[in-house]
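So this one's model13.pdb, PDB, C-alpha atoms:
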```pdb
ATOM      1  CA  MET A1310     -23.396 -37.923  53.754  1.00  0.00           C
ATOM      2  CA  ALA A1311     -23.470 -40.931  51.475  1.00  0.00           C
ATOM      3  CA  THR A1312     -21.555 -40.783  48.216  1.00  0.00           C
ATOM      4  CA  ASP A1313     -23.245 -41.582  44.907  1.00  0.00           C
ATOM      5  CA  GLN A1314     -21.479 -44.957  44.880  1.00  0.00           C
ATOM      6  CA  GLN A1315     -22.872 -45.862  48.318  1.00  0.00           C
ATOM      7  CA  LEU A1316     -26.334 -44.644  47.348  1.00  0.00           C
ATOM      8  CA  ILE A1317     -26.187 -46.628  44.107  1.00  0.00           C
ATOM      9  CA  GLN A1318     -25.254 -49.821  45.926  1.00  0.00           C
ATOM     10  CA  ARG A1319     -28.038 -49.309  48.471  1.00  0.00           C
ATOM     11  CA  ALA A1320     -30.497 -48.573  45.635  1.00  0.00           C
ATOM     12  CA  VAL A1321     -29.425 -51.716  43.764  1.00  0.00           C
ATOM     13  CA  ASP A1322     -30.072 -53.635  46.992  1.00  0.00           C
ATOM     14  CA  GLY A1323     -33.638 -52.255  47.007  1.00  0.00           C
ATOM     15  CA  ASP A1324     -33.307 -49.328  49.440  1.00  0.00           C
ATOM     16  CA  GLU A1325     -36.096 -46.950  48.383  1.00  0.00           C
ATOM     17  CA  GLN A1326     -34.686 -44.098  50.456  1.00  0.00           C
ATOM     18  CA  ALA A1327     -31.404 -44.360  48.527  1.00  0.00           C
ATOM     19  CA  MET A1328     -33.351 -44.286  45.246  1.00  0.00           C
ATOM     20  CA  ARG A1329     -35.207 -41.166  46.368  1.00  0.00           C
ATOM     21  CA  ARG A1330     -31.931 -39.470  47.337  1.00  0.00           C
ATOM     22  CA  LEU A1331     -30.331 -40.285  43.976  1.00  0.00           C
ATOM     23  CA  TRP A1332     -33.422 -38.978  42.222  1.00  0.00           C
ATOM     24  CA  SER A1333     -33.598 -35.773  44.288  1.00  0.00           C
ATOM     25  CA  GLN A1334     -29.908 -35.029  43.705  1.00  0.00           C
ATOM     26  CA  HIS A1335     -29.927 -35.641  39.950  1.00  0.00           C
ATOM     27  CA  ALA A1336     -33.510 -34.972  38.826  1.00  0.00           C
ATOM     28  CA  PRO A1337     -33.135 -31.214  38.255  1.00  0.00           C
ATOM     29  CA  HIS A1338     -30.375 -31.718  35.665  1.00  0.00           C
ATOM     30  CA  ILE A1339     -31.826 -34.835  34.035  1.00  0.00           C
ATOM     31  CA  ASP A1340     -35.330 -33.396  33.814  1.00  0.00           C
ATOM     32  CA  ALA A1341     -33.959 -30.142  32.347  1.00  0.00           C
ATOM     33  CA  VAL A1342     -32.124 -32.098  29.631  1.00  0.00           C
ATOM     34  CA  VAL A1343     -35.353 -33.883  28.709  1.00  0.00           C
ATOM     35  CA  ARG A1344     -37.347 -30.601  28.664  1.00  0.00           C
ATOM     36  CA  ARG A1345     -34.785 -28.925  26.400  1.00  0.00           C
ATOM     37  CA  LEU A1346     -34.779 -31.807  23.945  1.00  0.00           C
ATOM     38  CA  VAL A1347     -38.558 -32.235  23.845  1.00  0.00           C
ATOM     39  CA  GLY A1348     -39.834 -28.670  24.018  1.00  0.00           C
ATOM     40  CA  ASP A1349     -43.367 -29.560  25.147  1.00  0.00           C
ATOM     41  CA  PRO A1350     -43.572 -29.588  28.986  1.00  0.00           C
ATOM     42  CA  ASP A1351     -46.281 -32.267  29.215  1.00  0.00           C
ATOM     43  CA  THR A1352     -44.507 -34.637  26.845  1.00  0.00           C
ATOM     44  CA  ALA A1353     -41.213 -33.906  28.609  1.00  0.00           C
ATOM     45  CA  ALA A1354     -42.716 -34.874  31.977  1.00  0.00           C
ATOM     46  CA  ASP A1355     -43.898 -38.205  30.541  1.00  0.00           C
ATOM     47  CA  ILE A1356     -40.534 -38.918  28.938  1.00  0.00           C
ATOM     48  CA  ALA A1357     -38.635 -37.875  32.091  1.00  0.00           C
ATOM     49  CA  GLN A1358     -40.621 -40.475  34.015  1.00  0.00           C
ATOM     50  CA  GLU A1359     -39.590 -43.119  31.450  1.00  0.00           C
ATOM     51  CA  VAL A1360     -35.986 -41.923  31.724  1.00  0.00           C
ATOM     52  CA  TRP A1361     -35.949 -42.368  35.501  1.00  0.00           C
ATOM     53  CA  ILE A1362     -37.487 -45.827  35.228  1.00  0.00           C
ATOM     54  CA  GLN A1363     -34.712 -46.745  32.765  1.00  0.00           C
ATOM     55  CA  ILE A1364     -32.018 -45.274  35.030  1.00  0.00           C
ATOM     56  CA  PHE A1365     -33.199 -47.320  38.012  1.00  0.00           C
ATOM     57  CA  ARG A1366     -33.531 -50.477  35.907  1.00  0.00           C
ATOM     58  CA  ALA A1367     -29.997 -49.983  34.600  1.00  0.00           C
ATOM     59  CA  LEU A1368     -28.438 -49.265  38.020  1.00  0.00           C
ATOM     60  CA  PRO A1369     -27.054 -52.805  38.433  1.00  0.00           C
ATOM     61  CA  SER A1370     -25.095 -52.323  35.189  1.00  0.00           C
ATOM     62  CA  TYR A1371     -23.517 -49.023  36.341  1.00  0.00           C
ATOM     63  CA  ARG A1372     -19.776 -49.746  36.534  1.00  0.00           C
ATOM     64  CA  GLY A1373     -18.589 -46.411  37.902  1.00  0.00           C
ATOM     65  CA  GLU A1374     -16.342 -45.653  34.909  1.00  0.00           C
ATOM     66  CA  SER A1375     -17.869 -42.166  34.771  1.00  0.00           C
ATOM     67  CA  GLN A1376     -19.694 -40.061  37.322  1.00  0.00           C
ATOM     68  CA  PHE A1377     -23.238 -41.163  38.001  1.00  0.00           C
ATOM     69  CA  GLY A1378     -24.595 -37.834  36.708  1.00  0.00           C
ATOM     70  CA  THR A1379     -22.761 -38.266  33.407  1.00  0.00           C
ATOM     71  CA  TRP A1380     -23.986 -41.846  33.047  1.00  0.00           C
ATOM     72  CA  ALA A1381     -27.581 -40.841  33.869  1.00  0.00           C
ATOM     73  CA  HIS A1382     -27.343 -37.872  31.461  1.00  0.00           C
ATOM     74  CA  ARG A1383     -26.390 -40.223  28.627  1.00  0.00           C
ATOM     75  CA  ILE A1384     -29.359 -42.474  29.410  1.00  0.00           C
ATOM     76  CA  ALA A1385     -31.608 -39.402  29.474  1.00  0.00           C
ATOM     77  CA  VAL A1386     -30.453 -38.198  26.055  1.00  0.00           C
ATOM     78  CA  ASN A1387     -30.703 -41.663  24.470  1.00  0.00           C
ATOM     79  CA  ARG A1388     -34.083 -42.466  25.994  1.00  0.00           C
ATOM     80  CA  THR A1389     -35.479 -39.045  25.040  1.00  0.00           C
ATOM     81  CA  LEU A1390     -34.306 -39.362  21.449  1.00  0.00           C
ATOM     82  CA  ASN A1391     -35.820 -42.848  21.262  1.00  0.00           C
ATOM     83  CA  ALA A1392     -39.104 -41.534  22.660  1.00  0.00           C
ATOM     84  CA  LEU A1393     -39.123 -38.683  20.142  1.00  0.00           C
ATOM     85  CA  ARG A1394     -38.559 -41.153  17.323  1.00  0.00           C
ATOM     86  CA  ARG A1395     -41.261 -43.427  18.680  1.00  0.00           C
ATOM     87  CA  THR A1396     -43.798 -40.601  18.801  1.00  0.00           C
ATOM     88  CA  ARG A1397     -42.716 -39.535  15.325  1.00  0.00           C
ATOM     89  CA  ARG A1398     -41.712 -36.047  16.434  1.00  0.00           C
ATOM     90  CA  ILE A1399     -38.645 -36.323  14.216  1.00  0.00           C
ATOM     91  CA  GLU A1400     -40.397 -37.396  11.019  1.00  0.00           C
ATOM     92  CA  LYS A1401     -38.569 -34.953   8.850  1.00  0.00           C
ATOM     93  CA  ILE A1402     -35.210 -33.584   9.950  1.00  0.00           C
ATOM     94  CA  GLU A1403     -34.986 -30.951   7.231  1.00  0.00           C
ATOM     95  CA  THR A1404     -37.393 -28.114   7.799  1.00  0.00           C
ATOM     96  CA  GLY A1405     -38.375 -24.879   6.185  1.00  0.00           C
ATOM     97  CA  ILE A1406     -37.849 -21.666   8.021  1.00  0.00           C
ATOM     98  CA  GLU A1407     -41.012 -19.844   9.008  1.00  0.00           C
ATOM     99  CA  GLU A1408     -41.183 -16.167   9.636  1.00  0.00           C
ATOM    100  CA  ASP A1409     -42.369 -16.063  13.240  1.00  0.00           C
ATOM    101  CA  THR A1410     -41.462 -13.330  15.631  1.00  0.00           C
ATOM    102  CA  ALA A1411     -42.001 -13.041  19.339  1.00  0.00           C
ATOM    103  CA  ALA A1412     -43.442  -9.867  20.775  1.00  0.00           C
ATOM    104  CA  VAL A1413     -42.114  -8.463  24.037  1.00  0.00           C
ATOM    105  CA  GLU A1414     -42.632  -5.305  25.985  1.00  0.00           C
ATOM    106  CA  GLN A1415     -40.029  -2.556  25.918  1.00  0.00           C
ATOM    107  CA  THR A1416     -38.890  -3.405  29.462  1.00  0.00           C
ATOM    108  CA  VAL A1417     -36.728  -6.493  29.321  1.00  0.00           C
ATOM    109  CA  ASP A1418     -35.692  -8.256  32.536  1.00  0.00           C
ATOM    110  CA  GLY A1419     -33.788 -11.477  33.146  1.00  0.00           C
ATOM    111  CA  SER A1420     -36.800 -13.714  33.689  1.00  0.00           C
ATOM    112  CA  LEU A1421     -38.526 -12.398  30.574  1.00  0.00           C
ATOM    113  CA  VAL A1422     -35.358 -12.965  28.569  1.00  0.00           C
ATOM    114  CA  MET A1423     -35.069 -16.572  29.801  1.00  0.00           C
ATOM    115  CA  GLU A1424     -38.758 -17.197  29.154  1.00  0.00           C
ATOM    116  CA  SER A1425     -38.434 -15.750  25.650  1.00  0.00           C
ATOM    117  CA  ILE A1426     -35.408 -17.922  24.885  1.00  0.00           C
ATOM    118  CA  GLN A1427     -37.158 -21.059  26.155  1.00  0.00           C
ATOM    119  CA  ASP A1428     -40.299 -20.216  24.192  1.00  0.00           C
ATOM    120  CA  ALA A1429     -38.317 -19.555  21.014  1.00  0.00           C
ATOM    121  CA  THR A1430     -36.394 -22.817  21.402  1.00  0.00           C
ATOM    122  CA  ALA A1431     -39.660 -24.712  21.897  1.00  0.00           C
ATOM    123  CA  ARG A1432     -41.010 -23.138  18.669  1.00  0.00           C
ATOM    124  CA  LEU A1433     -38.191 -24.595  16.578  1.00  0.00           C
ATOM    125  CA  SER A1434     -39.052 -27.673  14.540  1.00  0.00           C
ATOM    126  CA  PRO A1435     -38.331 -30.892  16.457  1.00  0.00           C
ATOM    127  CA  GLY A1436     -35.271 -31.684  14.320  1.00  0.00           C
ATOM    128  CA  ALA A1437     -33.754 -28.197  14.550  1.00  0.00           C
ATOM    129  CA  ARG A1438     -34.486 -27.987  18.291  1.00  0.00           C
ATOM    130  CA  THR A1439     -32.893 -31.389  18.922  1.00  0.00           C
ATOM    131  CA  VAL A1440     -29.709 -30.529  17.024  1.00  0.00           C
ATOM    132  CA  PHE A1441     -29.528 -27.050  18.636  1.00  0.00           C
ATOM    133  CA  VAL A1442     -29.920 -28.434  22.166  1.00  0.00           C
ATOM    134  CA  MET A1443     -27.537 -31.323  21.598  1.00  0.00           C
ATOM    135  CA  HIS A1444     -24.829 -29.119  20.037  1.00  0.00           C
ATOM    136  CA  ASP A1445     -25.073 -25.689  21.637  1.00  0.00           C
ATOM    137  CA  ILE A1446     -26.406 -26.653  25.064  1.00  0.00           C
ATOM    138  CA  GLU A1447     -25.259 -30.222  25.674  1.00  0.00           C
ATOM    139  CA  GLY A1448     -21.940 -29.934  23.801  1.00  0.00           C
ATOM    140  CA  TYR A1449     -22.246 -32.866  21.393  1.00  0.00           C
ATOM    141  CA  THR A1450     -20.183 -32.761  18.199  1.00  0.00           C
ATOM    142  CA  HIS A1451     -21.860 -32.906  14.800  1.00  0.00           C
ATOM    143  CA  GLU A1452     -20.486 -36.419  14.343  1.00  0.00           C
ATOM    144  CA  GLU A1453     -22.025 -37.581  17.653  1.00  0.00           C
ATOM    145  CA  ILE A1454     -25.337 -35.945  16.760  1.00  0.00           C
ATOM    146  CA  ALA A1455     -25.271 -37.609  13.346  1.00  0.00           C
ATOM    147  CA  ARG A1456     -24.767 -41.031  14.945  1.00  0.00           C
ATOM    148  CA  GLU A1457     -27.515 -40.476  17.534  1.00  0.00           C
ATOM    149  CA  LEU A1458     -30.096 -39.149  15.058  1.00  0.00           C
ATOM    150  CA  GLY A1459     -29.182 -41.278  12.054  1.00  0.00           C
ATOM    151  CA  ILE A1460     -28.348 -38.277   9.866  1.00  0.00           C
ATOM    152  CA  THR A1461     -25.142 -36.950   8.322  1.00  0.00           C
ATOM    153  CA  ALA A1462     -22.814 -34.507  10.068  1.00  0.00           C
ATOM    154  CA  GLY A1463     -23.668 -32.082   7.240  1.00  0.00           C
ATOM    155  CA  GLY A1464     -27.369 -32.488   8.031  1.00  0.00           C
ATOM    156  CA  SER A1465     -26.607 -31.696  11.668  1.00  0.00           C
ATOM    157  CA  LYS A1466     -24.675 -28.567  10.664  1.00  0.00           C
ATOM    158  CA  SER A1467     -27.486 -27.489   8.358  1.00  0.00           C
ATOM    159  CA  GLN A1468     -30.109 -27.914  11.087  1.00  0.00           C
ATOM    160  CA  LEU A1469     -27.941 -26.008  13.570  1.00  0.00           C
ATOM    161  CA  PHE A1470     -27.483 -23.156  11.075  1.00  0.00           C
ATOM    162  CA  LYS A1471     -31.260 -22.992  10.496  1.00  0.00           C
ATOM    163  CA  ALA A1472     -32.010 -23.165  14.219  1.00  0.00           C
ATOM    164  CA  ARG A1473     -29.591 -20.360  15.033  1.00  0.00           C
ATOM    165  CA  ALA A1474     -30.889 -18.197  12.176  1.00  0.00           C
ATOM    166  CA  ARG A1475     -34.490 -18.659  13.299  1.00  0.00           C
ATOM    167  CA  LEU A1476     -33.603 -17.984  16.939  1.00  0.00           C
ATOM    168  CA  ARG A1477     -31.787 -14.782  15.883  1.00  0.00           C
ATOM    169  CA  ARG A1478     -34.931 -13.612  14.068  1.00  0.00           C
ATOM    170  CA  MET A1479     -37.236 -14.561  16.944  1.00  0.00           C
ATOM    171  CA  LEU A1480     -34.971 -13.054  19.607  1.00  0.00           C
ATOM    172  CA  GLY A1481     -33.485 -10.098  17.736  1.00  0.00           C
ATOM    173  CA  HIS A1482     -35.730  -7.688  19.599  1.00  0.00           C
ATOM    174  CA  LEU A1483     -34.209  -8.826  22.899  1.00  0.00           C
ATOM    175  CA  VAL A1484     -30.671  -8.135  21.726  1.00  0.00           C
ATOM    176  CA  GLU A1485     -31.702  -4.712  20.448  1.00  0.00           C
ATOM    177  CA  GLY A1486     -33.572  -3.986  23.708  1.00  0.00           C
ATOM    178  CA  LEU A1487     -30.632  -5.012  25.874  1.00  0.00           C
ATOM    179  CA  SER A1488     -28.150  -3.199  23.646  1.00  0.00           C
ATOM    180  CA  SER A1489     -30.050   0.093  23.744  1.00  0.00           C
ATOM    181  CA  ARG A1490     -30.560  -0.229  27.504  1.00  0.00           C
ATOM    182  CA  ASP A1491     -26.876  -1.029  28.102  1.00  0.00           C
ATOM    183  CA  HIS A1492     -25.805   1.996  26.077  1.00  0.00           C
ATOM    184  CA  GLY A1493     -28.154   4.347  27.868  1.00  0.00           C
ATOM    185  CA  HIS A1494     -30.479   4.856  24.917  1.00  0.00           C
ATOM    186  CA  ALA A1495     -34.082   5.233  25.826  1.00  0.00           C
ATOM    187  CA  ALA A1496     -36.594   3.135  23.958  1.00  0.00           C
ATOM    188  CA  PRO A1497     -38.811   5.232  21.732  1.00  0.00           C
ATOM    189  CA  GLY A1498     -42.172   6.037  23.272  1.00  0.00           C
ATOM    190  CA  TYR A1499     -45.315   5.328  21.320  1.00  0.00           C
TER
END
```
Just dump the structure as structure tokens.
Amino acid sequence: MATDQQLIQRAVDGDEQAMRRLWSQHAPHIDAVVRRLVGDPDTAADIAQEVWIQIFRALPSYRGESQFGTWAHRIAVNRTLNALRRTRRIEKIETGIEEDTAAVEQTVDGSLVMESIQDATARLSPGARTVFVMHDIEGYTHEEIARELGITAGGSKSQLFKARARLRRMLGHLVEGLSSRDHGHAAPGY
């Protein structure tokens, strides 16, 4: 089993099989990062392709100071944010809060919960979604987010607050459904 370092060197030397192995090992995580930041699956697929092109172009500059996955993740975040700026998805970072709610059936299972969370996240404004994903999912600090997005740390905190508030409203029914099910309360029949 070749290590990432061996695969990287073979890929730099033009070995297509090594490139495919690097891609197959790291694509699930990298592509998921792009999807979470973008929200729209079709746009995310296009940007993920650009990200992988950039990763392979930058391979000769990889110095091994961090794990390959960490290095590729950073390229993915930077390239995705640049693509979002380029397509003007982040025209206005401050956004109003709309009163949208998601409807679900009374029976809540794990896949429906995950689908509801992903749908609700995708329905956030581009700025709020980006800050939410970067902070709460990817673990960036408000200062790092501010530098990446060209906003203030206070603007990042404000967007995160708005994103969380909107997600609570959109997903409140799931929490109530799980809570009543966990406590043995039957859902009212209509």
Checklist line | Residue neighbourhood Gln1358 in chain A, 12 Å, all atoms listed in the file, exclusion window fewer than 6 positions, as a ChimeraX atom specification | finding: /A:1332,1336,1339-1340,1343-1344,1351-1352,1364-1365,1385,1388-1389,1392
Notebook entry, point to check: Any idea what the distance is between CA of Arg1319 in chain A and CA of Ile1384 in chain A?
Noted result: 20.3 Å
Note to self: Which residue is closest to Leu1368 in chain A? Choose from A:Pro1350, A:Gly1464, A:Gly1323, A:Gly1481 and count only C-alpha atoms.
What the structure shows: A:Gly1323
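Applied to this file, the PyMOL selection byres ((chain A and resi 1348) around 9) selects the residues Val1343, Arg1344, Arg1345, Leu1346, Val1347, Asp1349, Pro1350, Thr1352, Ala1353, Gln1427, Asp1428, Thr1430, Ala1431, Arg1432, Leu1433, Pro1435 and Arg1438 of chain A.
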Margin query: I need every residue sitting at most 6 Å from the point (-24.2, -32.0, 15.3) (coordinates as in the file, all atoms listed in the file considered), written as a list of chain:residue names.
Written below: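 Residues close enough to count: A:Val1440, A:His1444, A:Thr1450, A:His1451, A:Glu1452, A:Ile1454, A:Ala1462, A:Ser1465, A:Lys1466.
CA of Ile1446 in chain A sits 28.6 Å away from CA of Leu1316 in chain A.
Between CA of Val1360 in chain A and CA of Ser1425 in chain A there is a distance of 27.0 Å.
Nearest to Asn1391 in chain A of all the residues A:Lys1471, A:Phe1377, A:Leu1476, A:Gly1459 is A:Gly1459, based on all atoms listed in the file.
Using all atoms listed in the file for every distance, the candidate list A:Ala1474, A:Ile1460, A:Val1422, A:Leu1480 yields A:Ala1474 as the residue closest to Phe1441 in chain A.
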Please return range 1359-1386 of chain A, rebuilt to N, CA and C atoms, as an mmCIF file, keeping the file's coordinate frame.
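The file below, part.cif, is the result:
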```cif
data_model
loop_
_atom_site.group_PDB
_atom_site.id
_atom_site.type_symbol
_atom_site.label_atom_id
_atom_site.label_comp_id
_atom_site.auth_asym_id
_atom_site.auth_seq_id
_atom_site.Cartn_x
_atom_site.Cartn_y
_atom_site.Cartn_z
ATOM 1 N N GLU A 1359 -40.163 -41.936 32.113
ATOM 2 C CA GLU A 1359 -39.590 -43.119 31.450
ATOM 3 C C GLU A 1359 -38.076 -43.162 31.648
ATOM 4 N N VAL A 1360 -37.432 -41.999 31.556
ATOM 5 C CA VAL A 1360 -35.986 -41.923 31.724
ATOM 6 C C VAL A 1360 -35.586 -42.425 33.113
ATOM 7 N N TRP A 1361 -36.294 -41.960 34.142
ATOM 8 C CA TRP A 1361 -35.949 -42.368 35.501
ATOM 9 C C TRP A 1361 -36.208 -43.853 35.730
ATOM 10 N N ILE A 1362 -37.246 -44.383 35.128
ATOM 11 C CA ILE A 1362 -37.487 -45.827 35.228
ATOM 12 C C ILE A 1362 -36.305 -46.576 34.616
ATOM 13 N N GLN A 1363 -35.851 -46.112 33.438
ATOM 14 C CA GLN A 1363 -34.712 -46.745 32.765
ATOM 15 C C GLN A 1363 -33.439 -46.618 33.601
ATOM 16 N N ILE A 1364 -33.219 -45.467 34.202
ATOM 17 C CA ILE A 1364 -32.018 -45.274 35.030
ATOM 18 C C ILE A 1364 -32.020 -46.273 36.185
ATOM 19 N N PHE A 1365 -33.150 -46.403 36.871
ATOM 20 C CA PHE A 1365 -33.199 -47.320 38.012
ATOM 21 C C PHE A 1365 -33.116 -48.782 37.575
ATOM 22 N N ARG A 1366 -33.672 -49.115 36.428
ATOM 23 C CA ARG A 1366 -33.531 -50.477 35.907
ATOM 24 C C ARG A 1366 -32.084 -50.794 35.550
ATOM 25 N N ALA A 1367 -31.367 -49.777 35.052
ATOM 26 C CA ALA A 1367 -29.997 -49.983 34.600
ATOM 27 C C ALA A 1367 -28.968 -49.858 35.729
ATOM 28 N N LEU A 1368 -29.387 -49.461 36.916
ATOM 29 C CA LEU A 1368 -28.438 -49.265 38.020
ATOM 30 C C LEU A 1368 -27.499 -50.453 38.253
ATOM 31 N N PRO A 1369 -27.988 -51.686 38.206
ATOM 32 C CA PRO A 1369 -27.054 -52.805 38.433
ATOM 33 C C PRO A 1369 -25.928 -52.871 37.390
ATOM 34 N N SER A 1370 -26.136 -52.287 36.227
ATOM 35 C CA SER A 1370 -25.095 -52.323 35.189
ATOM 36 C C SER A 1370 -24.141 -51.129 35.282
ATOM 37 N N TYR A 1371 -24.406 -50.180 36.184
ATOM 38 C CA TYR A 1371 -23.517 -49.023 36.341
ATOM 39 C C TYR A 1371 -22.182 -49.505 36.899
ATOM 40 N N ARG A 1372 -21.100 -49.241 36.161
ATOM 41 C CA ARG A 1372 -19.776 -49.746 36.534
ATOM 42 C C ARG A 1372 -18.905 -48.680 37.199
ATOM 43 N N GLY A 1373 -19.361 -47.459 37.243
ATOM 44 C CA GLY A 1373 -18.589 -46.411 37.902
ATOM 45 C C GLY A 1373 -17.435 -45.874 37.081
ATOM 46 N N GLU A 1374 -17.425 -46.148 35.770
ATOM 47 C CA GLU A 1374 -16.342 -45.653 34.909
ATOM 48 C C GLU A 1374 -16.456 -44.151 34.659
ATOM 49 N N SER A 1375 -17.651 -43.609 34.851
ATOM 50 C CA SER A 1375 -17.869 -42.166 34.771
ATOM 51 C C SER A 1375 -18.710 -41.786 35.983
ATOM 52 N N GLN A 1376 -18.862 -40.502 36.209
ATOM 53 C CA GLN A 1376 -19.694 -40.061 37.322
ATOM 54 C C GLN A 1376 -21.130 -40.491 37.073
ATOM 55 N N PHE A 1377 -21.857 -40.725 38.131
ATOM 56 C CA PHE A 1377 -23.238 -41.163 38.001
ATOM 57 C C PHE A 1377 -24.057 -40.158 37.185
ATOM 58 N N GLY A 1378 -23.850 -38.863 37.433
ATOM 59 C CA GLY A 1378 -24.595 -37.834 36.708
ATOM 60 C C GLY A 1378 -24.342 -37.888 35.214
ATOM 61 N N THR A 1379 -23.107 -38.154 34.826
ATOM 62 C CA THR A 1379 -22.761 -38.266 33.407
ATOM 63 C C THR A 1379 -23.427 -39.493 32.798
ATOM 64 N N TRP A 1380 -23.368 -40.594 33.500
ATOM 65 C CA TRP A 1380 -23.986 -41.846 33.047
ATOM 66 C C TRP A 1380 -25.501 -41.673 32.903
ATOM 67 N N ALA A 1381 -26.138 -41.060 33.907
ATOM 68 C CA ALA A 1381 -27.581 -40.841 33.869
ATOM 69 C C ALA A 1381 -27.953 -39.859 32.753
ATOM 70 N N HIS A 1382 -27.117 -38.846 32.529
ATOM 71 C CA HIS A 1382 -27.343 -37.872 31.461
ATOM 72 C C HIS A 1382 -27.384 -38.570 30.105
ATOM 73 N N ARG A 1383 -26.454 -39.494 29.897
ATOM 74 C CA ARG A 1383 -26.390 -40.223 28.627
ATOM 75 C C ARG A 1383 -27.654 -41.069 28.430
ATOM 76 N N ILE A 1384 -28.112 -41.706 29.492
ATOM 77 C CA ILE A 1384 -29.359 -42.474 29.410
ATOM 78 C C ILE A 1384 -30.512 -41.531 29.075
ATOM 79 N N ALA A 1385 -30.534 -40.361 29.708
ATOM 80 C CA ALA A 1385 -31.608 -39.402 29.474
ATOM 81 C C ALA A 1385 -31.652 -38.965 28.015
ATOM 82 N N VAL A 1386 -30.495 -38.634 27.453
ATOM 83 C CA VAL A 1386 -30.453 -38.198 26.055
ATOM 84 C C VAL A 1386 -30.906 -39.334 25.136
#
```
